[in-house]
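Engineer: Got a file for you: my_file18.cif, mmCIF, N, CA and C atoms.
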data_start
loop_
_atom_site.label_atom_id
_atom_site.label_comp_id
_atom_site.auth_asym_id
_atom_site.auth_seq_id
_atom_site.Cartn_x
_atom_site.Cartn_y
_atom_site.Cartn_z
N MET V 1 0.55 -10.91 -15.20
CA MET V 1 -0.52 -11.19 -14.25
C MET V 1 -1.32 -9.92 -14.03
N LYS V 2 -2.62 -10.00 -14.23
CA LYS V 2 -3.46 -8.82 -14.17
C LYS V 2 -3.68 -8.30 -12.75
N ASN V 3 -3.40 -9.10 -11.74
CA ASN V 3 -3.64 -8.71 -10.34
C ASN V 3 -2.40 -8.21 -9.63
N LEU V 4 -1.39 -7.79 -10.39
CA LEU V 4 -0.10 -7.41 -9.82
C LEU V 4 -0.21 -6.35 -8.73
N ASN V 5 -1.10 -5.38 -8.90
CA ASN V 5 -1.19 -4.27 -7.95
C ASN V 5 -2.33 -4.42 -6.94
N LYS V 6 -3.09 -5.48 -7.05
CA LYS V 6 -4.19 -5.69 -6.11
C LYS V 6 -3.67 -6.29 -4.81
N LYS V 7 -4.27 -5.89 -3.72
CA LYS V 7 -3.89 -6.42 -2.41
C LYS V 7 -4.41 -7.84 -2.25
N ILE V 8 -3.62 -8.65 -1.57
CA ILE V 8 -3.90 -10.08 -1.46
C ILE V 8 -4.23 -10.43 -0.01
N LYS V 9 -5.23 -11.30 0.15
CA LYS V 9 -5.54 -11.78 1.49
C LYS V 9 -5.81 -13.29 1.44
N ILE V 10 -5.61 -13.92 2.57
CA ILE V 10 -5.86 -15.35 2.68
C ILE V 10 -7.36 -15.59 2.72
N ASN V 11 -7.80 -16.59 2.01
CA ASN V 11 -9.21 -16.99 1.99
C ASN V 11 -9.65 -17.26 3.44
N PRO V 12 -10.76 -16.65 3.88
CA PRO V 12 -11.21 -16.85 5.26
C PRO V 12 -11.59 -18.29 5.61
N ASN V 13 -11.72 -19.16 4.61
CA ASN V 13 -11.99 -20.57 4.88
C ASN V 13 -10.75 -21.32 5.35
N PHE V 14 -9.59 -20.65 5.30
CA PHE V 14 -8.33 -21.24 5.74
C PHE V 14 -7.80 -20.47 6.94
N GLN V 15 -7.13 -21.18 7.82
CA GLN V 15 -6.46 -20.53 8.94
C GLN V 15 -4.96 -20.73 8.74
N PHE V 16 -4.23 -19.62 8.63
CA PHE V 16 -2.79 -19.65 8.43
C PHE V 16 -2.11 -19.50 9.78
N GLN V 17 -1.18 -20.40 10.09
CA GLN V 17 -0.49 -20.31 11.39
C GLN V 17 0.82 -21.08 11.36
N TRP V 18 1.67 -20.76 12.34
CA TRP V 18 2.90 -21.51 12.56
C TRP V 18 2.55 -22.74 13.39
N GLU V 19 3.05 -23.88 13.00
CA GLU V 19 2.78 -25.12 13.72
C GLU V 19 4.10 -25.64 14.28
N ASP V 20 4.26 -25.53 15.61
CA ASP V 20 5.51 -25.96 16.26
C ASP V 20 5.82 -27.43 16.01
N LYS V 21 4.82 -28.28 16.10
CA LYS V 21 5.05 -29.72 15.93
C LYS V 21 5.56 -30.05 14.53
N GLN V 22 5.11 -29.30 13.53
CA GLN V 22 5.54 -29.53 12.15
C GLN V 22 6.79 -28.70 11.81
N ASN V 23 7.09 -27.70 12.65
CA ASN V 23 8.18 -26.76 12.43
C ASN V 23 8.04 -26.04 11.09
N CYS V 24 6.80 -25.64 10.78
CA CYS V 24 6.55 -24.92 9.53
C CYS V 24 5.20 -24.20 9.62
N TYR V 25 4.98 -23.31 8.65
CA TYR V 25 3.66 -22.70 8.52
C TYR V 25 2.72 -23.72 7.91
N VAL V 26 1.46 -23.60 8.29
CA VAL V 26 0.43 -24.48 7.74
C VAL V 26 -0.81 -23.66 7.41
N LEU V 27 -1.62 -24.22 6.53
CA LEU V 27 -2.97 -23.72 6.26
C LEU V 27 -3.92 -24.78 6.75
N LEU V 28 -4.77 -24.42 7.69
CA LEU V 28 -5.77 -25.35 8.21
C LEU V 28 -7.10 -25.06 7.54
N TYR V 29 -7.83 -26.10 7.27
CA TYR V 29 -9.17 -25.99 6.70
C TYR V 29 -9.98 -27.17 7.19
N PRO V 30 -11.31 -27.13 7.06
CA PRO V 30 -12.14 -28.18 7.67
C PRO V 30 -11.75 -29.61 7.30
N GLU V 31 -11.26 -29.82 6.09
CA GLU V 31 -10.93 -31.17 5.65
C GLU V 31 -9.50 -31.59 5.97
N GLY V 32 -8.69 -30.69 6.49
CA GLY V 32 -7.31 -31.08 6.78
C GLY V 32 -6.34 -29.92 6.94
N MET V 33 -5.11 -30.18 6.53
CA MET V 33 -4.03 -29.23 6.73
C MET V 33 -3.05 -29.31 5.56
N VAL V 34 -2.52 -28.16 5.16
CA VAL V 34 -1.49 -28.09 4.14
C VAL V 34 -0.22 -27.59 4.81
N GLN V 35 0.85 -28.38 4.74
CA GLN V 35 2.15 -27.94 5.25
C GLN V 35 2.82 -27.11 4.17
N LEU V 36 3.37 -25.97 4.55
CA LEU V 36 3.98 -25.06 3.59
C LEU V 36 5.49 -25.04 3.76
N ASN V 37 6.20 -24.93 2.65
CA ASN V 37 7.65 -24.76 2.77
C ASN V 37 7.94 -23.33 3.21
N GLN V 38 9.19 -23.02 3.50
CA GLN V 38 9.54 -21.71 4.05
C GLN V 38 9.13 -20.58 3.12
N SER V 39 9.40 -20.73 1.83
CA SER V 39 9.07 -19.67 0.87
C SER V 39 7.57 -19.39 0.85
N ALA V 40 6.78 -20.44 0.76
CA ALA V 40 5.33 -20.29 0.74
C ALA V 40 4.84 -19.63 2.03
N GLY V 41 5.38 -20.05 3.15
CA GLY V 41 4.99 -19.47 4.44
C GLY V 41 5.33 -18.00 4.54
N GLU V 42 6.52 -17.63 4.06
CA GLU V 42 6.93 -16.21 4.09
C GLU V 42 6.02 -15.36 3.23
N ILE V 43 5.64 -15.86 2.07
CA ILE V 43 4.75 -15.11 1.19
C ILE V 43 3.36 -15.00 1.80
N LEU V 44 2.79 -16.12 2.24
CA LEU V 44 1.43 -16.09 2.80
C LEU V 44 1.35 -15.24 4.06
N ALA V 45 2.42 -15.19 4.82
CA ALA V 45 2.42 -14.36 6.03
C ALA V 45 2.19 -12.88 5.68
N LEU V 46 2.51 -12.51 4.45
CA LEU V 46 2.34 -11.12 4.01
C LEU V 46 1.04 -10.91 3.24
N CYS V 47 0.27 -11.96 3.06
CA CYS V 47 -1.03 -11.86 2.38
C CYS V 47 -2.10 -11.53 3.41
N ASP V 48 -2.03 -10.31 3.91
CA ASP V 48 -2.89 -9.88 5.02
C ASP V 48 -3.93 -8.85 4.60
N GLY V 49 -4.08 -8.67 3.29
CA GLY V 49 -5.00 -7.67 2.80
C GLY V 49 -4.40 -6.29 2.68
N ASN V 50 -3.13 -6.13 3.10
CA ASN V 50 -2.44 -4.84 3.03
C ASN V 50 -1.36 -4.80 1.97
N ASN V 51 -0.98 -5.95 1.43
CA ASN V 51 0.15 -6.01 0.51
C ASN V 51 -0.25 -6.54 -0.86
N ASN V 52 0.44 -6.03 -1.87
CA ASN V 52 0.33 -6.58 -3.21
C ASN V 52 1.65 -7.27 -3.54
N ILE V 53 1.78 -7.79 -4.74
CA ILE V 53 3.00 -8.52 -5.10
C ILE V 53 4.23 -7.63 -4.99
N GLU V 54 4.12 -6.39 -5.41
CA GLU V 54 5.26 -5.46 -5.34
C GLU V 54 5.71 -5.26 -3.89
N ASN V 55 4.75 -5.05 -2.97
CA ASN V 55 5.09 -4.87 -1.55
C ASN V 55 5.74 -6.13 -0.98
N ILE V 56 5.16 -7.28 -1.30
CA ILE V 56 5.69 -8.55 -0.80
C ILE V 56 7.13 -8.74 -1.28
N ASN V 57 7.36 -8.44 -2.56
CA ASN V 57 8.72 -8.55 -3.11
C ASN V 57 9.69 -7.65 -2.35
N LYS V 58 9.30 -6.41 -2.13
CA LYS V 58 10.18 -5.46 -1.43
C LYS V 58 10.50 -5.95 -0.02
N ILE V 59 9.49 -6.37 0.71
CA ILE V 59 9.68 -6.82 2.10
C ILE V 59 10.59 -8.05 2.16
N LEU V 60 10.33 -9.04 1.30
CA LEU V 60 11.13 -10.27 1.33
C LEU V 60 12.55 -10.05 0.83
N CYS V 61 12.73 -9.19 -0.17
CA CYS V 61 14.08 -8.90 -0.65
C CYS V 61 14.91 -8.21 0.43
N GLU V 62 14.29 -7.30 1.18
CA GLU V 62 15.00 -6.66 2.29
C GLU V 62 15.30 -7.67 3.38
N LYS V 63 14.36 -8.51 3.72
CA LYS V 63 14.52 -9.48 4.79
C LYS V 63 15.63 -10.48 4.49
N PHE V 64 15.68 -10.96 3.25
CA PHE V 64 16.64 -12.01 2.89
C PHE V 64 17.81 -11.51 2.06
N GLU V 65 17.90 -10.17 1.92
CA GLU V 65 19.00 -9.53 1.19
C GLU V 65 19.14 -10.10 -0.22
N LEU V 66 18.04 -10.08 -0.95
CA LEU V 66 18.00 -10.57 -2.33
C LEU V 66 17.61 -9.42 -3.25
N GLU V 67 17.85 -9.60 -4.54
CA GLU V 67 17.59 -8.55 -5.52
C GLU V 67 16.13 -8.48 -5.95
N ASP V 68 15.58 -9.59 -6.43
CA ASP V 68 14.23 -9.56 -6.97
C ASP V 68 13.62 -10.96 -6.91
N LEU V 69 12.47 -11.06 -6.30
CA LEU V 69 11.75 -12.32 -6.19
C LEU V 69 10.40 -12.27 -6.89
N THR V 70 10.20 -11.24 -7.71
CA THR V 70 8.88 -11.02 -8.31
C THR V 70 8.36 -12.25 -9.04
N GLN V 71 9.17 -12.88 -9.87
CA GLN V 71 8.70 -14.03 -10.64
C GLN V 71 8.32 -15.19 -9.73
N ASP V 72 9.13 -15.45 -8.71
CA ASP V 72 8.82 -16.53 -7.77
C ASP V 72 7.53 -16.23 -7.01
N ILE V 73 7.37 -15.00 -6.59
CA ILE V 73 6.16 -14.62 -5.86
C ILE V 73 4.94 -14.73 -6.77
N LYS V 74 5.05 -14.23 -8.00
CA LYS V 74 3.94 -14.34 -8.95
C LYS V 74 3.54 -15.79 -9.16
N SER V 75 4.53 -16.66 -9.35
CA SER V 75 4.24 -18.08 -9.58
C SER V 75 3.51 -18.69 -8.39
N PHE V 76 4.02 -18.40 -7.18
CA PHE V 76 3.37 -18.96 -5.99
C PHE V 76 1.96 -18.40 -5.83
N VAL V 77 1.79 -17.09 -5.99
CA VAL V 77 0.48 -16.47 -5.82
C VAL V 77 -0.52 -17.03 -6.83
N GLU V 78 -0.07 -17.25 -8.04
CA GLU V 78 -0.95 -17.84 -9.06
C GLU V 78 -1.41 -19.24 -8.64
N GLU V 79 -0.46 -20.03 -8.14
CA GLU V 79 -0.79 -21.39 -7.67
C GLU V 79 -1.72 -21.31 -6.45
N ALA V 80 -1.44 -20.39 -5.53
CA ALA V 80 -2.28 -20.23 -4.33
C ALA V 80 -3.70 -19.81 -4.72
N GLN V 81 -3.81 -18.97 -5.73
CA GLN V 81 -5.13 -18.56 -6.20
C GLN V 81 -5.85 -19.76 -6.83
N ASN V 82 -5.14 -20.54 -7.61
CA ASN V 82 -5.74 -21.73 -8.23
C ASN V 82 -6.24 -22.72 -7.18
N ARG V 83 -5.57 -22.76 -6.04
CA ARG V 83 -5.97 -23.66 -4.94
C ARG V 83 -6.99 -23.00 -4.00
N ASN V 84 -7.36 -21.76 -4.33
CA ASN V 84 -8.34 -21.00 -3.56
C ASN V 84 -7.86 -20.64 -2.15
N TRP V 85 -6.53 -20.54 -1.98
CA TRP V 85 -5.96 -20.16 -0.69
C TRP V 85 -6.03 -18.66 -0.46
N ILE V 86 -6.04 -17.89 -1.55
CA ILE V 86 -5.99 -16.43 -1.45
C ILE V 86 -7.06 -15.82 -2.33
N SER V 87 -7.29 -14.54 -2.11
CA SER V 87 -8.15 -13.75 -2.99
C SER V 87 -7.58 -12.34 -3.04
N TYR V 88 -8.09 -11.56 -3.97
CA TYR V 88 -7.63 -10.18 -4.14
C TYR V 88 -8.69 -9.22 -3.65
N GLU V 89 -8.21 -8.12 -3.10
CA GLU V 89 -9.12 -7.07 -2.60
C GLU V 89 -9.43 -6.11 -3.73
#
Please express what this file holds, its structure, as structure tokens.
Structural biologist:
Amino acid sequence: MKNLNKKIKINPNFQFQWEDKQNCYVLLYPEGMVQLNQSAGEILALCDGNNNIENINKILCEKFELEDLTQDIKSFVEEAQNRNWISYE
């Protein structure tokens, strides 16, 4: 992936937030809402314009005591980019 070291941010057309009623993170946009699973929510929570894939991997591996999530993060970020949820700085 050519954007491995670029910082990632959520597309300003979406609002990322925790939704108590759904008990999950969601992305809100004018046409509706996307419910996110825990993994997607954890990754998007770190897409704040300050982190790249390497930083996100380090933070999540420390948080969940795992070795390496790079491939999972890359796959999700690629899908999120295809859906226009994120962009690179």
Engineer: Where does the PyMOL selection byres ((chain V and resi 50) around 6.5) land in this file, that is, which residues does it pick, as a list of chain:residue names?
Structural biologist: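 Given this file, the PyMOL selection byres ((chain V and resi 50) around 6.5) evaluates to V:Lys7, V:Ile8, V:Lys9, V:Leu46, V:Cys47, V:Asp48, V:Gly49, V:Asn51, V:Asn52.
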Engineer: Write out the residues from the selection above, keeping N, CA and C atoms, as a CSV table (one decimal), in the frame of the given file.
Structural biologist:
chain,number,residue,atom,x,y,z
V,7,LYS,N,-4.3,-5.9,-3.7
V,7,LYS,CA,-3.9,-6.4,-2.4
V,7,LYS,C,-4.4,-7.8,-2.2
V,8,ILE,N,-3.6,-8.6,-1.6
V,8,ILE,CA,-3.9,-10.1,-1.5
V,8,ILE,C,-4.2,-10.4,0.0
V,9,LYS,N,-5.2,-11.3,0.2
V,9,LYS,CA,-5.5,-11.8,1.5
V,9,LYS,C,-5.8,-13.3,1.4
V,46,LEU,N,2.5,-12.5,4.4
V,46,LEU,CA,2.3,-11.1,4.0
V,46,LEU,C,1.0,-10.9,3.2
V,47,CYS,N,0.3,-12.0,3.1
V,47,CYS,CA,-1.0,-11.9,2.4
V,47,CYS,C,-2.1,-11.5,3.4
V,48,ASP,N,-2.0,-10.3,3.9
V,48,ASP,CA,-2.9,-9.9,5.0
V,48,ASP,C,-3.9,-8.8,4.6
V,49,GLY,N,-4.1,-8.7,3.3
V,49,GLY,CA,-5.0,-7.7,2.8
V,49,GLY,C,-4.4,-6.3,2.7
V,51,ASN,N,-1.0,-6.0,1.4
V,51,ASN,CA,0.2,-6.0,0.5
V,51,ASN,C,-0.2,-6.5,-0.9
V,52,ASN,N,0.4,-6.0,-1.9
V,52,ASN,CA,0.3,-6.6,-3.2
V,52,ASN,C,1.6,-7.3,-3.5
Engineer: Could you tell me, as a CSV table (one decimal) with N, CA and C atoms, keeping the file's coordinate frame, which residues of region 37-83 of chain V DSSP assigns to strand (DSSP E) when given the backbone?
Structural biologist:
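File result_31.csv, as written:
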chain,number,residue,atom,x,y,z
V,48,ASP,N,-2.0,-10.3,3.9
V,48,ASP,CA,-2.9,-9.9,5.0
V,48,ASP,C,-3.9,-8.8,4.6
V,49,GLY,N,-4.1,-8.7,3.3
V,49,GLY,CA,-5.0,-7.7,2.8
V,49,GLY,C,-4.4,-6.3,2.7
V,50,ASN,N,-3.1,-6.1,3.1
V,50,ASN,CA,-2.4,-4.8,3.0
V,50,ASN,C,-1.4,-4.8,2.0
V,51,ASN,N,-1.0,-6.0,1.4
V,51,ASN,CA,0.2,-6.0,0.5
V,51,ASN,C,-0.2,-6.5,-0.9
Engineer: Mind giving me the straight-line distance from atom N of Asn84 (chain V) to atom N of Asp68 (chain V) in Å, one decimal?
Structural biologist: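 These two atoms are separated by 26.1 Å.
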Engineer: Among the residues of chain V, find those DSSP assigns to alpha helix (DSSP H) from the backbone and print them as number ranges by chain.
Structural biologist: V: 38-45, 53-64, 70-82
Engineer: Would you compute the distance between CA of Tyr88 (chain V) and atom C of Asn57 (chain V)? Give it in Å to one decimal.
Structural biologist: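 So the two atoms, CA of Tyr88 (chain V) and atom C of Asn57 (chain V), lie 17.6 Å apart.
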Engineer: For the atom pair CA of Glu54 (chain V) and CA of Gln81 (chain V), what is the interatomic distance in Å to one decimal place?
Structural biologist: 16.7 Å
Engineer: Can you list, as a VMD selection string, every protein, DNA or RNA residue that comes within 5 Å of Asn11 (chain V) when you count all atoms listed in the file, leaving out same-chain residues fewer than 2 positions away?
Structural biologist: chain V and resid 9 13 to 14 85 to 87
Engineer: Leaving out region 18-31 of chain V and any residue of its chain fewer than 5 positions from it, which residues lie within 8 Å of it when counting all atoms listed in the file, given as a VMD selection string?
Structural biologist: chain V and resid 13 36 to 38 40 to 42
Engineer: Between V:Gln35, V:Ile73, V:Glu65, V:Gln15, which residue has the minimum interatomic distance to Ile53 (chain V), considering all atoms listed in the file?
Structural biologist: V:Ile73
Engineer: Since I can't run it myself right now, could you work out what the PyMOL selection byres ((chain V and resi 69) around 8) selects here and report it as a ChimeraX atom specification?
Structural biologist: /V:53,56-58,60-61,66-68,70-75
